Amino acid sequence: MTRMTESSRLLALPRGRGIAWTQIASGVVLLALCVWIIHAFAVGQIEWRYVGQFLFVPSILRGVGATLLMAVCAMALGMVAGIVLALGRLSTAWLPRIVSGLYVWLFRGVPVILQLLIWFNLALIFPHVTLPGIGSYRTVDLMTPFLSALFGLGLNQAAYIAEIFRAGFQSVDRGQYEAASAIGMTRLMAMRRIIFPQAFRTVIPPLGNEFINMIKLTSLASLIQYPEVLHNAETIYYANTRVIELLIVAGFWYLAAVTALSPLQHLLERRFSRGKSS
Amino acid sequence: MTEPAIWIRNLHKSFGTNPVLKGVSLDIPPGQVVCVLGGSGSGKTTMLRCIAQLETAEDGLIVMSGELLGLRERNGRLVPRSAHDIARQRRLAGMVFQRFNLFPHMTALENVMEGPVRVQKRAAAEVRSEALELLRSVGLEHRADHYPAQLSGGQQQRVAIARALALKPTVMLFDEPTSALDPESVGDVLAVMKSVAASGVTMLVVTHELSFAREVADRILFMDGGVILEDAPTADFFGTPREDRTRAFLAAVLGQKTTA
């Protein structure tokens, strides 16, 4: 009986909050770390006025433009080639399967920087390129930094995108192909109208990741004289020795580009999630 | 005699080394409603999928509405048709799947309109009113703008039937259309199928719904081990089954029903 009244007494008590001591402790530690780093940058050998001064100079802005142009072009090339490779990988015929498999193996297995250098120095293997009906050219003249970077980055990217799309296509139920066939669609139309839109749902988040990676990867093209933002920042600091300041300028623009991308990805995800149960 | 809606001779199909159809022959006159019964692995679904050209038979011929399916004559030989031609032939029959297979990124209305608009290239406005009429006939005009994920299984299957009918096929093929449904929605789907049967479309229905078969079918096929073991008018099939295997099957299925 006393037990019962004792328990009933508890009913009247108000609810309080627990205190998350672990979170508070780790928060304090993290905050201290941030303050220390910011302090280090603030009092260190960084002339912040130079950062502000160079943030919008024409050469840097041209570099940002070149970075974005390369990222978009290389990604587009990677998408087209990647989708073709994914279709080849899933083909019922053995030849496209093997070719796609070999491609992915090769391009994923060799460092990107090495691929860029090979494209840039292609003239050493093929001194001349003959385009039927157009003429013969020296490879050195054809393989500009832009084209070398585009092939190097885009064709490497294709190997990764192929794997992403392969998973995307495989995530679509077999019954969808059959239903599309049953209403008289050709394979191509079924792909375009039924399979692609559904595969896109699963593919957009990893593709967004790849695009963000691509924006940063373009910095490698500075090594083959492509005038992207890091390359131009370097050119400036070779002259004025403000190394850290100009690296911060370049870093700011990469961050800005990547940040601007997230809402875009969100929009695409929304567009393609039509009909998804939620 | 009128030309049969479906004419099948000596159909053979195996998966790997496992023979599933071992010589199926069949004539179905236009407008007839035929139910196909049989245990799992009897080949009934495979036969239906061969008619829908979702599977390719190794041997045997199928003629539907006067067209030889999948093959054509050239220099005294039968050679495979082009992929494009086969795609066109698949429209001769409407197919309803066990698992509905609606396009999840399209609304019910868009699912129904997809075939006529994209495949037959008909004007969207005209197709739309037909599609709405079809959805009304399956009792779902108020769900036209819903996506499949927002519909129950029975509603999805009724949309799938409307989608198949939208192409105005001469033959409708149903592959266990109620097997994936909860018991409450089975009745709605069967009612829609009854009205389709009444409209005069030739129907071939693979099913386990004996009461539906008894009520709606003109004729029953019983398949076992890759052949049609018994083929009889509905009343005869249920009244005086000839084969032992048929009787055993009916006893097992009906027994199960009464104890359930």
# chains A, B, ... in the order shown; residues from 1 in each chain; ligands from 1
call {"tool": "interface_residues", "arguments": {"of": "chain B", "to": "chain A", "cutoff": "10 Å", "atoms": "only C-alpha atoms", "output": "PyMOL selection string"}}
result
chain B and resi 49+52-54+83-107+114-116+118-120+146-150+160+163-167+169
call {"tool": "residues_around", "arguments": {"residues": "A:Gln115", "least_positions_apart": "6", "cutoff": "10 Å", "atoms": "only C-alpha atoms", "output": "PyMOL selection string"}}
result
chain A and resi 107+121+148-149+151-153+155-156
call {"tool": "write_last_selection", "arguments": {"atoms": "all heavy atoms", "output": "short mmCIF file (atom, residue, chain, number, x, y, z; two decimals), in the first residue's frame"}}
result
data_model
loop_
_atom_site.label_atom_id
_atom_site.label_comp_id
_atom_site.auth_asym_id
_atom_site.auth_seq_id
_atom_site.Cartn_x
_atom_site.Cartn_y
_atom_site.Cartn_z
N PHE A 107 41.38 3.45 -66.08
CA PHE A 107 41.31 4.86 -65.73
C PHE A 107 41.14 5.09 -64.24
O PHE A 107 41.48 6.16 -63.74
CB PHE A 107 40.19 5.56 -66.52
CG PHE A 107 40.61 5.89 -67.93
CD1 PHE A 107 40.64 4.92 -68.91
CD2 PHE A 107 40.99 7.18 -68.27
CE1 PHE A 107 41.03 5.22 -70.20
CE2 PHE A 107 41.40 7.49 -69.55
CZ PHE A 107 41.42 6.51 -70.53
N ASN A 121 51.54 15.45 -72.89
CA ASN A 121 52.75 15.05 -73.63
C ASN A 121 52.44 14.03 -74.72
O ASN A 121 53.32 13.26 -75.12
CB ASN A 121 53.77 14.48 -72.66
CG ASN A 121 54.28 15.56 -71.72
OD1 ASN A 121 54.86 16.55 -72.16
ND2 ASN A 121 54.02 15.39 -70.45
N SER A 148 44.09 19.07 -73.06
CA SER A 148 44.76 18.05 -72.24
C SER A 148 44.02 17.89 -70.91
O SER A 148 43.75 16.77 -70.46
CB SER A 148 46.20 18.44 -71.96
OG SER A 148 46.84 18.79 -73.15
N ALA A 149 43.71 19.02 -70.27
CA ALA A 149 43.02 18.96 -68.98
C ALA A 149 41.63 18.36 -69.16
O ALA A 149 41.18 17.53 -68.36
CB ALA A 149 42.92 20.35 -68.38
N PHE A 151 40.50 16.22 -71.47
CA PHE A 151 40.57 14.76 -71.66
C PHE A 151 41.01 14.06 -70.39
O PHE A 151 40.44 13.06 -69.97
CB PHE A 151 41.52 14.42 -72.82
CG PHE A 151 40.93 14.75 -74.17
CD1 PHE A 151 41.76 14.96 -75.27
CD2 PHE A 151 39.55 14.84 -74.34
CE1 PHE A 151 41.22 15.27 -76.51
CE2 PHE A 151 39.02 15.14 -75.58
CZ PHE A 151 39.84 15.36 -76.66
N GLY A 152 42.07 14.62 -69.78
CA GLY A 152 42.61 13.99 -68.58
C GLY A 152 41.57 13.89 -67.48
O GLY A 152 41.33 12.81 -66.92
N LEU A 153 40.92 15.02 -67.18
CA LEU A 153 39.95 15.04 -66.08
C LEU A 153 38.65 14.34 -66.48
O LEU A 153 38.10 13.55 -65.72
CB LEU A 153 39.65 16.49 -65.66
CG LEU A 153 40.81 17.28 -65.06
CD1 LEU A 153 40.41 18.73 -64.86
CD2 LEU A 153 41.24 16.66 -63.73
N LEU A 155 37.90 12.08 -68.94
CA LEU A 155 37.92 10.64 -69.19
C LEU A 155 38.19 9.84 -67.92
O LEU A 155 37.72 8.72 -67.75
CB LEU A 155 38.94 10.30 -70.29
CG LEU A 155 38.57 10.89 -71.65
CD1 LEU A 155 39.60 10.52 -72.69
CD2 LEU A 155 37.18 10.45 -72.08
N ASN A 156 38.94 10.44 -67.00
CA ASN A 156 39.11 9.81 -65.70
C ASN A 156 37.79 9.80 -64.94
O ASN A 156 37.38 8.79 -64.36
CB ASN A 156 40.18 10.56 -64.90
CG ASN A 156 40.29 10.05 -63.48
OD1 ASN A 156 40.79 8.95 -63.26
ND2 ASN A 156 39.80 10.82 -62.53
#
call {"tool": "atom_distance", "arguments": {"atom1": "atom CA of B:Arg214", "atom2": "atom CA of B:Thr45"}}
result
19.6 Å
call {"tool": "atom_distance", "arguments": {"atom1": "atom CA of A:Leu85", "atom2": "atom CA of A:Leu207"}}
result
15.5 Å
call {"tool": "select_by_dssp", "arguments": {"residues": "stretch 5-250 of chain A", "states": "alpha helix (DSSP H)", "output": "MDAnalysis selection string"}}
result
chainID A and resid 5:11 21:43 48:54 58:89 94:109 112:120 139:142 145:170 174:182 187:190 196:217 229:240 243:250
call {"tool": "select_by_dssp", "arguments": {"residues": "stretch 49-163 of chain B", "states": "strand (DSSP E)", "output": "PyMOL selection string"}}
result
chain B and resi 59-64+67-68+71-74+77-80+93-96
call {"tool": "write_last_selection", "arguments": {"atoms": "all heavy atoms", "output": "short mmCIF file (atom, residue, chain, number, x, y, z; two decimals), in the first residue's frame"}}
result
data_model
loop_
_atom_site.label_atom_id
_atom_site.label_comp_id
_atom_site.auth_asym_id
_atom_site.auth_seq_id
_atom_site.Cartn_x
_atom_site.Cartn_y
_atom_site.Cartn_z
N ASP B 59 11.44 -22.88 -79.74
CA ASP B 59 10.81 -23.57 -80.85
C ASP B 59 9.30 -23.34 -80.75
O ASP B 59 8.77 -23.09 -79.67
CB ASP B 59 11.14 -25.07 -80.80
CG ASP B 59 10.89 -25.72 -82.15
OD1 ASP B 59 10.65 -24.99 -83.13
OD2 ASP B 59 10.93 -26.96 -82.21
N GLY B 60 8.62 -23.43 -81.92
CA GLY B 60 7.18 -23.25 -81.91
C GLY B 60 6.79 -21.90 -82.45
O GLY B 60 7.63 -21.01 -82.59
N LEU B 61 5.52 -21.76 -82.81
CA LEU B 61 5.04 -20.53 -83.44
C LEU B 61 3.85 -19.96 -82.67
O LEU B 61 3.05 -20.71 -82.11
CB LEU B 61 4.61 -20.81 -84.87
CG LEU B 61 5.68 -21.34 -85.84
CD1 LEU B 61 5.05 -21.60 -87.20
CD2 LEU B 61 6.84 -20.36 -85.95
N ILE B 62 3.78 -18.64 -82.65
CA ILE B 62 2.60 -17.97 -82.09
C ILE B 62 2.10 -16.98 -83.13
O ILE B 62 2.87 -16.17 -83.65
CB ILE B 62 2.92 -17.20 -80.80
CG1 ILE B 62 3.59 -18.11 -79.78
CG2 ILE B 62 1.67 -16.56 -80.23
CD1 ILE B 62 4.09 -17.38 -78.55
N VAL B 63 0.82 -17.06 -83.47
CA VAL B 63 0.21 -16.08 -84.36
C VAL B 63 -0.88 -15.35 -83.59
O VAL B 63 -1.72 -15.98 -82.95
CB VAL B 63 -0.39 -16.74 -85.62
CG1 VAL B 63 -1.16 -15.71 -86.45
CG2 VAL B 63 0.70 -17.38 -86.46
N MET B 64 -0.80 -14.02 -83.59
CA MET B 64 -1.82 -13.23 -82.89
C MET B 64 -2.40 -12.22 -83.88
O MET B 64 -1.63 -11.51 -84.54
CB MET B 64 -1.21 -12.51 -81.70
CG MET B 64 -2.24 -11.89 -80.78
SD MET B 64 -1.49 -10.77 -79.60
CE MET B 64 -0.62 -11.93 -78.58
N GLU B 67 -0.78 -12.06 -87.16
CA GLU B 67 0.65 -11.76 -87.28
C GLU B 67 1.48 -12.82 -86.58
O GLU B 67 1.22 -13.17 -85.42
CB GLU B 67 0.96 -10.41 -86.63
CG GLU B 67 0.51 -9.23 -87.44
CD GLU B 67 1.32 -7.98 -87.08
OE1 GLU B 67 2.53 -8.10 -86.85
OE2 GLU B 67 0.72 -6.90 -87.01
N LEU B 68 2.49 -13.33 -87.30
CA LEU B 68 3.43 -14.26 -86.68
C LEU B 68 4.34 -13.48 -85.74
O LEU B 68 5.00 -12.52 -86.15
CB LEU B 68 4.24 -14.97 -87.78
CG LEU B 68 5.32 -15.94 -87.30
CD1 LEU B 68 4.71 -17.06 -86.45
CD2 LEU B 68 6.07 -16.53 -88.50
N LEU B 71 8.89 -13.50 -85.56
CA LEU B 71 9.55 -14.07 -86.74
C LEU B 71 8.87 -13.57 -88.00
O LEU B 71 7.72 -13.15 -87.96
CB LEU B 71 9.45 -15.61 -86.70
CG LEU B 71 10.08 -16.34 -85.52
CD1 LEU B 71 9.60 -17.77 -85.47
CD2 LEU B 71 11.59 -16.27 -85.57
N ARG B 72 9.60 -13.62 -89.12
CA ARG B 72 8.99 -13.33 -90.40
C ARG B 72 9.60 -14.25 -91.45
O ARG B 72 10.67 -14.84 -91.24
CB ARG B 72 9.18 -11.86 -90.78
CG ARG B 72 10.62 -11.48 -91.02
CD ARG B 72 10.79 -9.98 -91.08
NE ARG B 72 12.19 -9.65 -91.20
CZ ARG B 72 12.85 -9.58 -92.36
NH1 ARG B 72 12.21 -9.79 -93.50
NH2 ARG B 72 14.13 -9.31 -92.39
N GLU B 73 8.89 -14.35 -92.58
CA GLU B 73 9.33 -15.24 -93.64
C GLU B 73 10.27 -14.48 -94.56
O GLU B 73 9.99 -13.36 -94.97
CB GLU B 73 8.09 -15.71 -94.42
CG GLU B 73 8.19 -17.11 -94.92
CD GLU B 73 6.94 -17.52 -95.69
OE1 GLU B 73 5.84 -17.09 -95.28
OE2 GLU B 73 7.07 -18.24 -96.68
N ARG B 74 11.44 -15.12 -94.87
CA ARG B 74 12.34 -14.52 -95.85
C ARG B 74 13.01 -15.65 -96.61
O ARG B 74 13.67 -16.49 -96.01
CB ARG B 74 13.38 -13.65 -95.16
CG ARG B 74 14.12 -12.74 -96.16
CD ARG B 74 15.18 -11.90 -95.46
NE ARG B 74 16.21 -12.75 -94.87
CZ ARG B 74 17.18 -12.30 -94.08
NH1 ARG B 74 17.21 -11.03 -93.73
NH2 ARG B 74 18.09 -13.11 -93.60
N ARG B 77 12.50 -19.09 -95.35
CA ARG B 77 12.93 -19.41 -93.99
C ARG B 77 12.24 -18.46 -93.03
O ARG B 77 11.80 -17.39 -93.41
CB ARG B 77 14.43 -19.19 -93.81
CG ARG B 77 15.30 -20.12 -94.60
CD ARG B 77 16.72 -19.58 -94.65
NE ARG B 77 17.64 -20.68 -94.90
CZ ARG B 77 18.30 -21.33 -93.94
NH1 ARG B 77 18.17 -20.95 -92.68
NH2 ARG B 77 19.09 -22.33 -94.23
N LEU B 78 12.22 -18.85 -91.75
CA LEU B 78 11.71 -17.94 -90.73
C LEU B 78 12.90 -17.30 -90.02
O LEU B 78 13.74 -17.99 -89.46
CB LEU B 78 10.84 -18.70 -89.72
CG LEU B 78 9.51 -19.20 -90.28
CD1 LEU B 78 8.74 -19.97 -89.21
CD2 LEU B 78 8.65 -18.04 -90.79
N VAL B 79 12.97 -15.96 -90.09
CA VAL B 79 14.08 -15.25 -89.45
C VAL B 79 13.52 -14.29 -88.41
O VAL B 79 12.36 -13.87 -88.51
CB VAL B 79 14.92 -14.48 -90.49
CG1 VAL B 79 15.60 -15.43 -91.45
CG2 VAL B 79 14.05 -13.49 -91.24
N PRO B 80 14.34 -13.94 -87.38
CA PRO B 80 13.84 -13.03 -86.33
C PRO B 80 13.46 -11.67 -86.91
O PRO B 80 14.09 -11.17 -87.83
CB PRO B 80 15.04 -12.89 -85.39
CG PRO B 80 15.89 -14.07 -85.64
CD PRO B 80 15.69 -14.42 -87.09
N ALA B 93 -1.05 -7.07 -77.75
CA ALA B 93 -1.61 -7.58 -76.50
C ALA B 93 -1.32 -6.62 -75.37
O ALA B 93 -0.26 -6.03 -75.31
CB ALA B 93 -0.99 -8.95 -76.19
N GLY B 94 -2.30 -6.46 -74.47
CA GLY B 94 -2.07 -5.68 -73.26
C GLY B 94 -1.67 -6.65 -72.16
O GLY B 94 -2.22 -7.72 -72.05
N MET B 95 -0.66 -6.25 -71.39
CA MET B 95 -0.15 -7.16 -70.35
C MET B 95 -0.37 -6.56 -68.97
O MET B 95 -0.07 -5.38 -68.75
CB MET B 95 1.34 -7.40 -70.59
CG MET B 95 2.02 -8.27 -69.57
SD MET B 95 1.80 -10.04 -69.95
CE MET B 95 2.74 -10.77 -68.61
N VAL B 96 -0.90 -7.38 -68.07
CA VAL B 96 -1.07 -6.95 -66.68
C VAL B 96 -0.20 -7.87 -65.81
O VAL B 96 -0.32 -9.09 -65.88
CB VAL B 96 -2.54 -7.03 -66.24
CG1 VAL B 96 -2.69 -6.67 -64.77
CG2 VAL B 96 -3.38 -6.08 -67.10
#
call {"tool": "residues_around", "arguments": {"residues": "A:Ala257", "least_positions_apart": "3", "cutoff": "9 Å", "atoms": "only C-alpha atoms", "output": "ChimeraX atom specification"}}
result
/A:64,68,212,215,252-254,260-261
call {"tool": "residues_around", "arguments": {"residues": "B:Val127", "least_positions_apart": "2", "cutoff": "10 Å", "atoms": "only C-alpha atoms", "output": "count of residues only"}}
result
17
call {"tool": "residues_around", "arguments": {"residues": "A:Glu228", "least_positions_apart": "5", "cutoff": "9 Å", "atoms": "only C-alpha atoms", "output": "PDB file with N, CA and C atoms, in the first residue's frame"}}
result
ATOM      1  N   ILE A  60      42.640  36.795 -61.240  1.00  0.00           N
ATOM      2  CA  ILE A  60      42.017  35.798 -60.364  1.00  0.00           C
ATOM      3  C   ILE A  60      40.610  35.470 -60.859  1.00  0.00           C
ATOM      4  N   ARG A  62      39.441  35.736 -63.885  1.00  0.00           N
ATOM      5  CA  ARG A  62      39.554  34.920 -65.108  1.00  0.00           C
ATOM      6  C   ARG A  62      39.851  33.469 -64.727  1.00  0.00           C
ATOM      7  N   GLY A  63      40.704  33.323 -63.697  1.00  0.00           N
ATOM      8  CA  GLY A  63      41.032  31.975 -63.213  1.00  0.00           C
ATOM      9  C   GLY A  63      39.805  31.253 -62.697  1.00  0.00           C
ATOM     10  N   VAL A  64      38.950  31.978 -61.936  1.00  0.00           N
ATOM     11  CA  VAL A  64      37.720  31.360 -61.420  1.00  0.00           C
ATOM     12  C   VAL A  64      36.855  30.906 -62.590  1.00  0.00           C
ATOM     13  N   GLY A  65      36.745  31.788 -63.604  1.00  0.00           N
ATOM     14  CA  GLY A  65      35.963  31.437 -64.792  1.00  0.00           C
ATOM     15  C   GLY A  65      36.507  30.184 -65.458  1.00  0.00           C
ATOM     16  N   ALA A  66      37.852  30.120 -65.590  1.00  0.00           N
ATOM     17  CA  ALA A  66      38.470  28.972 -66.247  1.00  0.00           C
ATOM     18  C   ALA A  66      38.257  27.701 -65.430  1.00  0.00           C
ATOM     19  N   THR A  67      38.314  27.830 -64.099  1.00  0.00           N
ATOM     20  CA  THR A  67      38.077  26.677 -63.227  1.00  0.00           C
ATOM     21  C   THR A  67      36.671  26.128 -63.440  1.00  0.00           C
ATOM     22  N   LEU A  68      35.685  27.058 -63.415  1.00  0.00           N
ATOM     23  CA  LEU A  68      34.294  26.616 -63.563  1.00  0.00           C
ATOM     24  C   LEU A  68      34.065  26.027 -64.952  1.00  0.00           C
ATOM     25  N   MET A  70      36.217  24.556 -66.904  1.00  0.00           N
ATOM     26  CA  MET A  70      36.815  23.226 -66.983  1.00  0.00           C
ATOM     27  C   MET A  70      35.986  22.203 -66.203  1.00  0.00           C
ATOM     28  N   THR A 218      40.247  20.349 -60.699  1.00  0.00           N
ATOM     29  CA  THR A 218      40.754  21.201 -61.780  1.00  0.00           C
ATOM     30  C   THR A 218      42.046  21.884 -61.366  1.00  0.00           C
ATOM     31  N   SER A 219      42.273  22.016 -60.039  1.00  0.00           N
ATOM     32  CA  SER A 219      43.505  22.662 -59.579  1.00  0.00           C
ATOM     33  C   SER A 219      44.735  21.899 -60.082  1.00  0.00           C
ATOM     34  N   ALA A 221      45.162  20.877 -62.970  1.00  0.00           N
ATOM     35  CA  ALA A 221      45.471  21.327 -64.326  1.00  0.00           C
ATOM     36  C   ALA A 221      46.462  22.490 -64.316  1.00  0.00           C
ATOM     37  N   SER A 222      46.677  23.108 -63.136  1.00  0.00           N
ATOM     38  CA  SER A 222      47.671  24.181 -63.054  1.00  0.00           C
ATOM     39  C   SER A 222      49.050  23.640 -63.426  1.00  0.00           C
ATOM     40  N   ALA A 233      46.867  32.320 -59.222  1.00  0.00           N
ATOM     41  CA  ALA A 233      47.287  32.763 -57.892  1.00  0.00           C
ATOM     42  C   ALA A 233      48.784  32.529 -57.732  1.00  0.00           C
TER      43      ALA A 233
END
call {"tool": "residues_around", "arguments": {"residues": "stretch 33-47 of chain A", "least_positions_apart": "5", "cutoff": "10 Å", "atoms": "only C-alpha atoms", "output": "list of chain:residue names"}}
result
A:Gly27, A:Val28, A:Gly52, A:Arg242, A:Val243, A:Ile244, A:Glu245, A:Ile248
call {"tool": "write_last_selection", "arguments": {"atoms": "C-alpha atoms", "output": "JSON list (two decimals), in the first residue's frame"}}
result
[["chain", "number", "residue", "atom", "x", "y", "z"],
["A", 27, "GLY", "CA", 31.92, 21.81, -27.28],
["A", 28, "VAL", "CA", 34.24, 23.73, -24.99],
["A", 52, "GLY", "CA", 41.12, 41.55, -49.87],
["A", 242, "ARG", "CA", 52.53, 36.81, -50.83],
["A", 243, "VAL", "CA", 52.15, 33.02, -50.87],
["A", 244, "ILE", "CA", 49.69, 32.35, -48.05],
["A", 245, "GLU", "CA", 47.57, 35.39, -48.91],
["A", 248, "ILE", "CA", 43.72, 31.97, -49.20]]
